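Chemist: Quick one: the structure is below, questions incoming.
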Amino acid sequence: MASSFSRSSGRPPRLHLFDLDGTLIHGSSAAVEISRQLGLDAEIRELELAFAAGGMTPPDFAGRACALWSELTEDHITAAFMGAPWLSGIREVWAEIRERGERSAVISLSPDFFVGRLLHRAPPSRSPELPHAPSTSPGDPAGALRTGARTGGTDDGGAEGGGVDATYGSRWPAVPFRRQPDPAGILSAEAKVRIADELCAEFGVSRNECVAYGDSMSDAALFAAVPVSVAVNADSHVRDLATAEYVGKDLREAYGLVRKSR
C-alpha cells in the first residue's frame with residue numbers, strides 16, 4: 001500500500017533521492033572508507049580508478065573488493081561509517097524534509113551493509129576539516145537490498161534516529177565473507193531509475209515530484225529521468241544534466257538550491 005504525505009502546503013510532496021559515494025560522503029566512498037580500516041587504501045584506489053575509467057562493471061568491482069576485504073568485520077564497518085567524511089547538515093536536511101511531509105531515500109551501488117545504516121541513523125556531524133577516524137585492527141533473492149522504511153527519531157552524533165525513509169544498496173553476503181556477492185544483486189545506474197519508480201509507487205508520487213542528488217556517472221540515468229537534480233561536487237557526467245550545481249561540504253546549502261525552486 002502506498003504511503004500518504006502531508007499536503008498542507010498545497011504543493012505536491014517531493015521524494016528526495018540521494019546518492020552516497022562522493023555525494024553524502026565528500027571526496028570518498030564507502031569502499032574507500034572500509035578499505036582504509038583494513039590498510040588497503042592503495043588497492044581500493046586502483047580499483048576505483050579502473051571502475052571510473054570504464055575498465056570494469058559494478059559486479060566486477062564488487063568481486064574484486066570482496067576478495068580484498070577477506071578480513072572485514074562488523075567493527076571495521078562501524079568504524080568506516082563513523083569516520084567517513086560526511087557532508088555537514090545531513091541530519092538537519094533529512095529532518096526538514098520529514099517535517100515538510102516529504103520523503104527521502106538513499107540509493108547507492110555500495111554494499112547494503114553500509115548503506116543500510118542510514119535507515120536507522122543520520123551520519124555523525126563533524127567539521128569537514130577534521131581528519132578521518134584512525135583505522136582499527138581486525139578484532140536472499142538476488143537484487144538490491146531494501147532495508148525498509150522508518151520515520152521519526154532524533155540523532156546525536158550518529159546515535160539511533162534521524163535516518164532516511166528508505167535505503168537501497170547492492171546485495172552482499174554477511175561478514176565475514178564465505179562467498180562472493182551474487183552479480184545479480186549488484187546495482188547499476190539503470191537500477192537506480194527502477195528503484196526510484198518503485199519508491200514513487202510506494203509513496204504515492206510520480207517522477208515529476210522527485211529530486212535527485214548525485215555526483216557521477218552512476219547518477220546520470222536518474223538525473224535524466226527526473227525533473228529536478230542537484231550535482232553535488234560532481235564530475236562532467238552529471239553536471240550538464242543537473243538543474244542545479246553545488247560545490248561544498250554542507251548538504252543544507254545543496255538542499256537550499258531545491259528549496260529556492262519551489
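Every chain in the C-alpha cells has a letter given in the order shown (A, B, ...), and although residue numbers restart at 1 in each chain, ligands are simply numbered from 1 in the order shown.
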Can you list every residue of stretch 161-256 of chain A that has an atom at most 7 Å from stretch 82-94 of chain A, with its nearest atom pair and the distance in Å to one decimal, using only C-alpha atoms, ordered by chain then number, as JSON lines?

Modeler:
```
{"residue": "A:Gly162", "atom": "CA", "partner": "A:Arg91", "partner_atom": "CA", "distance": 6.1}
{"residue": "A:Val164", "atom": "CA", "partner": "A:Trp94", "partner_atom": "CA", "distance": 6.6}
{"residue": "A:Lys249", "atom": "CA", "partner": "A:Leu87", "partner_atom": "CA", "distance": 5.0}
{"residue": "A:Asp250", "atom": "CA", "partner": "A:Ser88", "partner_atom": "CA", "distance": 4.5}
{"residue": "A:Leu251", "atom": "CA", "partner": "A:Gly89", "partner_atom": "CA", "distance": 5.4}
{"residue": "A:Arg252", "atom": "CA", "partner": "A:Gly89", "partner_atom": "CA", "distance": 5.5}
```

Chemist: Keeping all heavy atoms, export the residues of the selection given above as a PDB file, in the first residue's frame.

Modeler:
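The result, stored in part.pdb:
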```pdb
ATOM      1  N   GLY A 162      16.995   9.698  13.114  1.00  0.00           N
ATOM      2  CA  GLY A 162      17.323  10.722  12.145  1.00  0.00           C
ATOM      3  C   GLY A 162      17.662  10.209  10.776  1.00  0.00           C
ATOM      4  O   GLY A 162      18.182  10.962   9.953  1.00  0.00           O
ATOM      5  N   VAL A 164      16.937   8.148   6.929  1.00  0.00           N
ATOM      6  CA  VAL A 164      16.035   8.344   5.808  1.00  0.00           C
ATOM      7  C   VAL A 164      14.873   7.354   5.872  1.00  0.00           C
ATOM      8  O   VAL A 164      14.852   6.446   6.703  1.00  0.00           O
ATOM      9  CB  VAL A 164      16.772   8.183   4.466  1.00  0.00           C
ATOM     10  CG1 VAL A 164      17.645   9.373   4.171  1.00  0.00           C
ATOM     11  CG2 VAL A 164      17.596   6.900   4.435  1.00  0.00           C
ATOM     12  N   LYS A 249      30.704  21.522   1.220  1.00  0.00           N
ATOM     13  CA  LYS A 249      30.704  20.442   2.203  1.00  0.00           C
ATOM     14  C   LYS A 249      29.507  20.488   3.152  1.00  0.00           C
ATOM     15  O   LYS A 249      29.565  19.924   4.241  1.00  0.00           O
ATOM     16  CB  LYS A 249      32.002  20.498   3.021  1.00  0.00           C
ATOM     17  CG  LYS A 249      33.263  20.285   2.181  1.00  0.00           C
ATOM     18  CD  LYS A 249      34.516  20.311   3.042  1.00  0.00           C
ATOM     19  CE  LYS A 249      35.760  20.069   2.188  1.00  0.00           C
ATOM     20  NZ  LYS A 249      37.001  20.078   3.005  1.00  0.00           N
ATOM     21  N   ASP A 250      28.417  21.139   2.744  1.00  0.00           N
ATOM     22  CA  ASP A 250      27.247  21.265   3.610  1.00  0.00           C
ATOM     23  C   ASP A 250      25.996  20.942   2.813  1.00  0.00           C
ATOM     24  O   ASP A 250      25.636  21.670   1.887  1.00  0.00           O
ATOM     25  CB  ASP A 250      27.164  22.679   4.188  1.00  0.00           C
ATOM     26  CG  ASP A 250      26.212  22.775   5.367  1.00  0.00           C
ATOM     27  OD1 ASP A 250      25.139  22.133   5.312  1.00  0.00           O
ATOM     28  OD2 ASP A 250      26.525  23.493   6.331  1.00  0.00           O
ATOM     29  N   LEU A 251      25.320  19.859   3.156  1.00  0.00           N
ATOM     30  CA  LEU A 251      24.136  19.449   2.420  1.00  0.00           C
ATOM     31  C   LEU A 251      23.021  20.469   2.537  1.00  0.00           C
ATOM     32  O   LEU A 251      22.171  20.571   1.649  1.00  0.00           O
ATOM     33  CB  LEU A 251      23.655  18.073   2.904  1.00  0.00           C
ATOM     34  CG  LEU A 251      22.546  17.432   2.062  1.00  0.00           C
ATOM     35  CD1 LEU A 251      23.022  17.154   0.640  1.00  0.00           C
ATOM     36  CD2 LEU A 251      22.043  16.153   2.724  1.00  0.00           C
ATOM     37  N   ARG A 252      23.008  21.246   3.615  1.00  0.00           N
ATOM     38  CA  ARG A 252      21.968  22.265   3.755  1.00  0.00           C
ATOM     39  C   ARG A 252      22.026  23.265   2.612  1.00  0.00           C
ATOM     40  O   ARG A 252      20.995  23.759   2.149  1.00  0.00           O
ATOM     41  CB  ARG A 252      22.121  22.973   5.109  1.00  0.00           C
ATOM     42  CG  ARG A 252      21.728  22.096   6.289  1.00  0.00           C
ATOM     43  CD  ARG A 252      22.209  22.656   7.595  1.00  0.00           C
ATOM     44  NE  ARG A 252      23.667  22.586   7.705  1.00  0.00           N
ATOM     45  CZ  ARG A 252      24.332  22.692   8.854  1.00  0.00           C
ATOM     46  NH1 ARG A 252      23.665  22.862   9.987  1.00  0.00           N
ATOM     47  NH2 ARG A 252      25.646  22.597   8.886  1.00  0.00           N
TER      48      ARG A 252
END
```

Chemist: Show me, as number ranges by chain, the residues that have an atom within 9 Å of A:Asp60 when counting only C-alpha atoms, minus same-chain residues fewer than 4 positions from it.

Modeler: A: 51, 56, 64-65, 183

Chemist: Choose the residue, out of A:Ala231, A:Leu15, A:Ile34, A:Ala244, that has the smallest atom-to-atom separation from A:Arg100; count only C-alpha atoms.

Modeler: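 Residue with the minimum atom-to-atom distance to A:Arg100: A:Leu15.
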
Chemist: Between atom CA of A:Arg121 and atom CA of A:Gly161, what is the distance in Å, rounded to a tenth?

Modeler: 4.5 Å

Chemist: For A:Ala224, list every protein, DNA or RNA residue within 10 Å, evaluated using only C-alpha atoms, and leave out those in the same chain fewer than 3 positions away; present the list as a PyMOL selection string.

Modeler: chain A and resi 193+212+219-221+227-229+238+241-242

Chemist: Would you save the residues of that selection, restricted to all heavy atoms, as a PDB file, in the first residue's frame?

Modeler:
```pdb
ATOM      1  N   VAL A 193      17.030   4.061 -11.485  1.00  0.00           N
ATOM      2  CA  VAL A 193      15.763   4.540 -12.037  1.00  0.00           C
ATOM      3  C   VAL A 193      14.636   3.571 -11.678  1.00  0.00           C
ATOM      4  O   VAL A 193      13.539   3.992 -11.285  1.00  0.00           O
ATOM      5  CB  VAL A 193      15.874   4.710 -13.561  1.00  0.00           C
ATOM      6  CG1 VAL A 193      14.545   5.184 -14.142  1.00  0.00           C
ATOM      7  CG2 VAL A 193      16.985   5.700 -13.913  1.00  0.00           C
ATOM      8  N   ALA A 212      16.772  14.408  -7.415  1.00  0.00           N
ATOM      9  CA  ALA A 212      17.939  13.528  -7.310  1.00  0.00           C
ATOM     10  C   ALA A 212      19.169  14.347  -6.958  1.00  0.00           C
ATOM     11  O   ALA A 212      19.363  15.452  -7.469  1.00  0.00           O
ATOM     12  CB  ALA A 212      18.165  12.790  -8.620  1.00  0.00           C
ATOM     13  N   ASP A 219      24.883   8.250 -11.499  1.00  0.00           N
ATOM     14  CA  ASP A 219      23.673   9.037 -11.278  1.00  0.00           C
ATOM     15  C   ASP A 219      23.079   9.595 -12.568  1.00  0.00           C
ATOM     16  O   ASP A 219      22.014  10.205 -12.554  1.00  0.00           O
ATOM     17  CB  ASP A 219      23.976  10.203 -10.328  1.00  0.00           C
ATOM     18  CG  ASP A 219      24.569   9.732  -9.024  1.00  0.00           C
ATOM     19  OD1 ASP A 219      23.896   8.975  -8.314  1.00  0.00           O
ATOM     20  OD2 ASP A 219      25.730  10.102  -8.721  1.00  0.00           O
ATOM     21  N   ALA A 220      23.771   9.403 -13.688  1.00  0.00           N
ATOM     22  CA  ALA A 220      23.358  10.047 -14.933  1.00  0.00           C
ATOM     23  C   ALA A 220      21.971   9.598 -15.383  1.00  0.00           C
ATOM     24  O   ALA A 220      21.146  10.432 -15.806  1.00  0.00           O
ATOM     25  CB  ALA A 220      24.382   9.785 -16.023  1.00  0.00           C
ATOM     26  N   ALA A 221      21.679   8.315 -15.320  1.00  0.00           N
ATOM     27  CA  ALA A 221      20.376   7.831 -15.775  1.00  0.00           C
ATOM     28  C   ALA A 221      19.251   8.393 -14.914  1.00  0.00           C
ATOM     29  O   ALA A 221      18.191   8.774 -15.432  1.00  0.00           O
ATOM     30  CB  ALA A 221      20.350   6.302 -15.748  1.00  0.00           C
ATOM     31  N   PRO A 227      12.800  15.527 -13.033  1.00  0.00           N
ATOM     32  CA  PRO A 227      12.838  16.926 -13.485  1.00  0.00           C
ATOM     33  C   PRO A 227      13.785  17.828 -12.721  1.00  0.00           C
ATOM     34  O   PRO A 227      14.211  18.860 -13.243  1.00  0.00           O
ATOM     35  CB  PRO A 227      11.392  17.383 -13.304  1.00  0.00           C
ATOM     36  CG  PRO A 227      10.877  16.549 -12.173  1.00  0.00           C
ATOM     37  CD  PRO A 227      11.543  15.213 -12.342  1.00  0.00           C
ATOM     38  N   VAL A 228      14.105  17.467 -11.471  1.00  0.00           N
ATOM     39  CA  VAL A 228      14.951  18.312 -10.637  1.00  0.00           C
ATOM     40  C   VAL A 228      16.114  17.481 -10.124  1.00  0.00           C
ATOM     41  O   VAL A 228      15.923  16.377  -9.601  1.00  0.00           O
ATOM     42  CB  VAL A 228      14.170  18.905  -9.436  1.00  0.00           C
ATOM     43  CG1 VAL A 228      15.081  19.781  -8.584  1.00  0.00           C
ATOM     44  CG2 VAL A 228      12.961  19.695  -9.918  1.00  0.00           C
ATOM     45  N   SER A 229      17.329  18.004 -10.297  1.00  0.00           N
ATOM     46  CA  SER A 229      18.514  17.271  -9.848  1.00  0.00           C
ATOM     47  C   SER A 229      19.586  18.258  -9.427  1.00  0.00           C
ATOM     48  O   SER A 229      19.693  19.359  -9.973  1.00  0.00           O
ATOM     49  CB  SER A 229      19.043  16.356 -10.953  1.00  0.00           C
ATOM     50  OG  SER A 229      19.263  17.087 -12.151  1.00  0.00           O
ATOM     51  N   VAL A 238      27.491  14.340 -14.923  1.00  0.00           N
ATOM     52  CA  VAL A 238      26.165  14.778 -14.484  1.00  0.00           C
ATOM     53  C   VAL A 238      26.009  16.292 -14.409  1.00  0.00           C
ATOM     54  O   VAL A 238      24.878  16.775 -14.321  1.00  0.00           O
ATOM     55  CB  VAL A 238      25.797  14.165 -13.113  1.00  0.00           C
ATOM     56  CG1 VAL A 238      25.626  12.660 -13.217  1.00  0.00           C
ATOM     57  CG2 VAL A 238      26.817  14.508 -12.048  1.00  0.00           C
ATOM     58  N   LEU A 241      23.657  17.575 -16.953  1.00  0.00           N
ATOM     59  CA  LEU A 241      22.297  17.060 -16.826  1.00  0.00           C
ATOM     60  C   LEU A 241      21.532  17.710 -15.681  1.00  0.00           C
ATOM     61  O   LEU A 241      20.298  17.707 -15.676  1.00  0.00           O
ATOM     62  CB  LEU A 241      22.331  15.537 -16.587  1.00  0.00           C
ATOM     63  CG  LEU A 241      22.847  14.657 -17.725  1.00  0.00           C
ATOM     64  CD1 LEU A 241      23.000  13.226 -17.230  1.00  0.00           C
ATOM     65  CD2 LEU A 241      21.895  14.700 -18.911  1.00  0.00           C
ATOM     66  N   ALA A 242      22.244  18.254 -14.706  1.00  0.00           N
ATOM     67  CA  ALA A 242      21.625  18.742 -13.477  1.00  0.00           C
ATOM     68  C   ALA A 242      20.903  20.063 -13.689  1.00  0.00           C
ATOM     69  O   ALA A 242      21.284  20.879 -14.535  1.00  0.00           O
ATOM     70  CB  ALA A 242      22.678  18.897 -12.390  1.00  0.00           C
TER      71      ALA A 242
END
```

Chemist: Nearest residue to A:Ala79 out of A:Phe114, A:Tyr213, A:Phe18, A:Phe203, using only C-alpha atoms?

Modeler: A:Phe114

Chemist: Any idea what's packed within 10 Å of A:Ile77, counting only C-alpha atoms, ignoring anything in its chain fewer than 6 positions away? Could you give it as a VMD selection string?

Modeler: chain A and resid 30 33 to 35 37 83 113 to 114 117 175

Chemist: Do a neighbour search on A:Glu190 at 12 Å with only C-alpha atoms, toss out local chain neighbours closer than 5 positions, and write the hits as an mmCIF file with all heavy atoms, in the first residue's frame.

Modeler:
```cif
data_model
loop_
_atom_site.group_PDB
_atom_site.id
_atom_site.type_symbol
_atom_site.label_atom_id
_atom_site.label_comp_id
_atom_site.auth_asym_id
_atom_site.auth_seq_id
_atom_site.Cartn_x
_atom_site.Cartn_y
_atom_site.Cartn_z
ATOM 1 N N PRO A 58 30.090 -2.924 -12.406
ATOM 2 C CA PRO A 58 29.828 -2.970 -10.966
ATOM 3 C C PRO A 58 29.997 -4.357 -10.351
ATOM 4 O O PRO A 58 30.606 -4.480 -9.278
ATOM 5 C CB PRO A 58 28.396 -2.441 -10.859
ATOM 6 C CG PRO A 58 28.261 -1.504 -12.007
ATOM 7 C CD PRO A 58 29.034 -2.164 -13.125
ATOM 8 N N ILE A 107 19.962 5.753 -2.469
ATOM 9 C CA ILE A 107 20.132 4.655 -3.424
ATOM 10 C C ILE A 107 21.591 4.657 -3.862
ATOM 11 O O ILE A 107 22.081 5.644 -4.410
ATOM 12 C CB ILE A 107 19.228 4.822 -4.655
ATOM 13 C CG1 ILE A 107 17.774 5.059 -4.241
ATOM 14 C CG2 ILE A 107 19.331 3.592 -5.552
ATOM 15 C CD1 ILE A 107 16.856 5.366 -5.421
ATOM 16 N N SER A 108 22.285 3.574 -3.616
ATOM 17 C CA SER A 108 23.727 3.540 -3.859
ATOM 18 C C SER A 108 24.155 2.190 -4.390
ATOM 19 O O SER A 108 23.572 1.155 -4.029
ATOM 20 C CB SER A 108 24.477 3.842 -2.561
ATOM 21 O OG SER A 108 25.875 3.663 -2.722
ATOM 22 N N LEU A 109 25.195 2.193 -5.217
ATOM 23 C CA LEU A 109 25.794 0.947 -5.683
ATOM 24 C C LEU A 109 26.637 0.286 -4.601
ATOM 25 O O LEU A 109 27.051 -0.866 -4.743
ATOM 26 C CB LEU A 109 26.672 1.200 -6.918
ATOM 27 C CG LEU A 109 25.988 1.245 -8.289
ATOM 28 C CD1 LEU A 109 24.939 2.350 -8.367
ATOM 29 C CD2 LEU A 109 27.020 1.428 -9.402
ATOM 30 N N ILE A 195 14.476 1.576 -9.120
ATOM 31 C CA ILE A 195 14.195 1.693 -7.690
ATOM 32 C C ILE A 195 13.428 2.983 -7.394
ATOM 33 O O ILE A 195 12.506 3.001 -6.567
ATOM 34 C CB ILE A 195 15.510 1.629 -6.893
ATOM 35 C CG1 ILE A 195 16.098 0.226 -6.993
ATOM 36 C CG2 ILE A 195 15.288 2.011 -5.439
ATOM 37 C CD1 ILE A 195 17.534 0.126 -6.520
ATOM 38 N N ALA A 196 13.790 4.068 -8.074
ATOM 39 C CA ALA A 196 13.050 5.321 -7.893
ATOM 40 C C ALA A 196 11.581 5.131 -8.248
ATOM 41 O O ALA A 196 10.690 5.628 -7.545
ATOM 42 C CB ALA A 196 13.677 6.418 -8.742
ATOM 43 N N ASP A 197 11.306 4.411 -9.323
ATOM 44 C CA ASP A 197 9.920 4.155 -9.710
ATOM 45 C C ASP A 197 9.195 3.320 -8.653
ATOM 46 O O ASP A 197 8.007 3.557 -8.360
ATOM 47 C CB ASP A 197 9.869 3.438 -11.061
ATOM 48 C CG ASP A 197 10.181 4.365 -12.236
ATOM 49 O OD1 ASP A 197 10.065 5.599 -12.068
ATOM 50 O OD2 ASP A 197 10.549 3.848 -13.311
ATOM 51 N N MET A 217 28.854 9.297 -12.878
ATOM 52 C CA MET A 217 28.242 8.519 -13.944
ATOM 53 C C MET A 217 27.117 7.623 -13.452
ATOM 54 O O MET A 217 26.135 7.407 -14.167
ATOM 55 C CB MET A 217 29.328 7.688 -14.635
ATOM 56 C CG MET A 217 28.866 6.825 -15.772
ATOM 57 S SD MET A 217 30.271 6.110 -16.668
ATOM 58 C CE MET A 217 31.141 5.277 -15.331
ATOM 59 N N SER A 218 27.231 7.096 -12.245
ATOM 60 C CA SER A 218 26.194 6.199 -11.739
ATOM 61 C C SER A 218 24.878 6.922 -11.488
ATOM 62 O O SER A 218 23.846 6.281 -11.266
ATOM 63 C CB SER A 218 26.657 5.501 -10.455
ATOM 64 O OG SER A 218 26.770 6.421 -9.392
ATOM 65 N N ASP A 219 24.883 8.250 -11.499
ATOM 66 C CA ASP A 219 23.673 9.037 -11.278
ATOM 67 C C ASP A 219 23.079 9.595 -12.568
ATOM 68 O O ASP A 219 22.014 10.205 -12.554
ATOM 69 C CB ASP A 219 23.976 10.203 -10.328
ATOM 70 C CG ASP A 219 24.569 9.732 -9.024
ATOM 71 O OD1 ASP A 219 23.896 8.975 -8.314
ATOM 72 O OD2 ASP A 219 25.730 10.102 -8.721
ATOM 73 N N ALA A 220 23.771 9.403 -13.688
ATOM 74 C CA ALA A 220 23.358 10.047 -14.933
ATOM 75 C C ALA A 220 21.971 9.598 -15.383
ATOM 76 O O ALA A 220 21.146 10.432 -15.806
ATOM 77 C CB ALA A 220 24.382 9.785 -16.023
ATOM 78 N N ALA A 221 21.679 8.315 -15.320
ATOM 79 C CA ALA A 221 20.376 7.831 -15.775
ATOM 80 C C ALA A 221 19.251 8.393 -14.914
ATOM 81 O O ALA A 221 18.191 8.774 -15.432
ATOM 82 C CB ALA A 221 20.350 6.302 -15.748
ATOM 83 N N LEU A 222 19.466 8.476 -13.610
ATOM 84 C CA LEU A 222 18.442 9.025 -12.723
ATOM 85 C C LEU A 222 18.260 10.522 -12.960
ATOM 86 O O LEU A 222 17.132 11.027 -12.981
ATOM 87 C CB LEU A 222 18.806 8.759 -11.270
ATOM 88 C CG LEU A 222 17.767 9.169 -10.222
ATOM 89 C CD1 LEU A 222 16.438 8.482 -10.480
ATOM 90 C CD2 LEU A 222 18.269 8.845 -8.818
ATOM 91 N N PHE A 223 19.344 11.246 -13.159
ATOM 92 C CA PHE A 223 19.246 12.678 -13.454
ATOM 93 C C PHE A 223 18.433 12.913 -14.724
ATOM 94 O O PHE A 223 17.685 13.890 -14.821
ATOM 95 C CB PHE A 223 20.639 13.276 -13.617
ATOM 96 C CG PHE A 223 21.273 13.737 -12.328
ATOM 97 C CD1 PHE A 223 21.099 13.044 -11.157
ATOM 98 C CD2 PHE A 223 22.060 14.875 -12.304
ATOM 99 C CE1 PHE A 223 21.690 13.468 -9.966
ATOM 100 C CE2 PHE A 223 22.657 15.320 -11.134
ATOM 101 C CZ PHE A 223 22.477 14.615 -9.959
ATOM 102 N N ALA A 224 18.610 12.032 -15.710
ATOM 103 C CA ALA A 224 17.883 12.181 -16.972
ATOM 104 C C ALA A 224 16.401 11.833 -16.821
ATOM 105 O O ALA A 224 15.586 12.252 -17.649
ATOM 106 C CB ALA A 224 18.514 11.304 -18.045
ATOM 107 N N ALA A 225 16.055 11.085 -15.762
ATOM 108 C CA ALA A 225 14.685 10.598 -15.605
ATOM 109 C C ALA A 225 13.804 11.498 -14.750
ATOM 110 O O ALA A 225 12.577 11.370 -14.798
ATOM 111 C CB ALA A 225 14.709 9.193 -15.002
#
```

Chemist: Could you write out, as a PyMOL selection string, all the residues of stretch 24-214 of chain A that DSSP marks as helix (DSSP H, G or I)?

Modeler: chain A and resi 30-37+41-52+58-68+74-83+90-99+112-119+183-185+189-203+207-209

Chemist: For a quick check of understanding, using only C-alpha atoms, which of A:Ser104, A:Thr73, A:Ser125, A:Ser236 has the smallest distance to A:Pro13?

Modeler: A:Ser104

Chemist: Looking only at the backbone, which of the residues in stretch 21-121 of chain A does DSSP tag as strand (DSSP E or B), as an NGL selection string?

Modeler: :A and (21 or 25 or 86 or 88 or 103-111 or 121)

Chemist: Please compute the atom CA of A:Glu99-atom CA of A:Ala122 distance, one decimal, in Å.

Modeler: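 Distance between the two atoms: 15.4 Å.
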
Chemist: Restricting the calculation to only C-alpha atoms: of A:Ala105, A:Ala201, A:Ala62, A:Val211, which residue gets closest to A:Ser170?

Modeler: A:Ala62

Chemist: Mind pulling up the distance from atom CA of A:Ser29 to atom CA of A:Asp240?

Modeler: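 Between these atoms lies a distance of 22.5 Å.
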
Chemist: Under the rule that only C-alpha atoms are counted, which of A:Arg171, A:His26, A:His16, A:Arg36 is the nearest residue to A:Gly248?

Modeler: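 Selected residue with least distance to A:Gly248: A:His26.
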
Chemist: Smallest atom-to-atom distance to A:Phe61: which of A:Leu20, A:Leu119, A:Ile97, A:Pro181, using only C-alpha atoms?

Modeler: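 Nearest to A:Phe61: A:Pro181.
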